[in-house]
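**Student:** Starting off with a structure, shown below.
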Amino acid sequence: MNSEIKYIELKSGYSHNGPAWIGFVNFSKSKQTIYFNGKAFKKIGASKILGNYYDLQTMEKYWISGVKKDMTDRYKSSTGEMFIEKKAIEEYLKVIQKGNLAKHFTICKVIESPSIDETYELENEKLNFLNQSIHVNNRLKKPNEMTDEELGYFIDYFEEESIRLPFLKGRKFARNKVKELELEKLKRNKKVIPTI
């Protein structure tokens, strides 16, 4: 598999302040799947509203891009944590043409990503589950009545609709549905965060 340094930011449940990493990723042959830190990320078609990849296991959206020379990978107002893979530091400093790493980075080790076979099985398992349990009419349910899988599925569904539909009214409706479903997902994510 090809290896390349990338910027990876968690978008689901965050605005522009999700945790982010700079590290070496691997690609599948088709370049539709990226492997990093024990995760497999699948490319999202034309939709770039919240992210351009999703985690095959959790369905969370991520933004994955090349590392920017001017270090503007993140929005200026962001307060999210920034991690850098230990073995990527030297390559990153070459890209940004600096001698030292900025103070806001936390150096981290990453875990081994799943194999191609494991990813293939996981992807087929998800697709089979979604095909069996999620009917298109379930999009009419209230967000709080949807399962977690349905929420993830219909967020993607309405994001695609917000781009694809020919009429402005339909695209606007789809964008509003995405916001409504993302809000419900955010509420659920907050409920499972353990208190210290």
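Every chain in the structure tokens has a letter given in the order shown (A, B, ...), and although residue numbers restart at 1 in each chain, ligands are simply numbered from 1 in the order shown.
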Identify all residues of region 143-188 of chain A in alpha helix (DSSP H) (DSSP on the backbone) and supply them as a PyMOL selection string.
**Tutor:** chain A and resi 148-164+168-188
**Student:** Give me, as CSV, each residue of region 4-82 of chain A that comes within 10 Å of region 106-110 of chain A, together with its shortest interatomic pair and the distance in Å at one decimal, counting only C-alpha atoms, with rows ordered by chain and rising residue number.
**Tutor:**
residue,atom,partner,partner_atom,distance
A:Trp21,CA,A:Cys108,CA,9.0
A:Ile22,CA,A:Ile107,CA,9.7
A:Gly23,CA,A:Val110,CA,8.5
A:Phe24,CA,A:Val110,CA,9.5
A:Phe36,CA,A:Val110,CA,7.7
A:Asn37,CA,A:Val110,CA,4.8
A:Gly38,CA,A:Val110,CA,7.5
A:Glu81,CA,A:Thr106,CA,7.9
A:Met82,CA,A:Thr106,CA,6.2
**Student:** Of the residues A:Ile34, A:Ile111, A:Leu183, A:Ile44, which is the one nearest to Leu151 (chain A), using only C-alpha atoms?
**Tutor:**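 Closest to Leu151 (chain A) of all the choices is A:Leu183.
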**Student:** Work out how far CA of Pro19 (chain A) is from CA of Glu180 (chain A), in Å to one decimal.
**Tutor:**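 Those two atoms sit 22.8 Å apart.
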**Student:** Do a neighbour search on Asp55 (chain A) at 8 Å with only C-alpha atoms, toss out local chain neighbours closer than 5 positions, and write the hits as a ChimeraX atom specification.
**Tutor:** /A:39-42,60-62
**Student:** Using Å and a single decimal, report how far CA of Asp73 (chain A) sits from CA of Lys86 (chain A).
**Tutor:**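 Atom-to-atom, CA of Lys86 (chain A) to CA of Asp73 (chain A), that is 18.4 Å.
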**Student:** Between A:Phe167, A:Tyr153, A:Tyr14, A:Tyr53, which residue has the minimum interatomic distance to Thr33 (chain A), considering only C-alpha atoms?
**Tutor:**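 Checking each candidate against Thr33 (chain A), we get A:Tyr53 as the closest.
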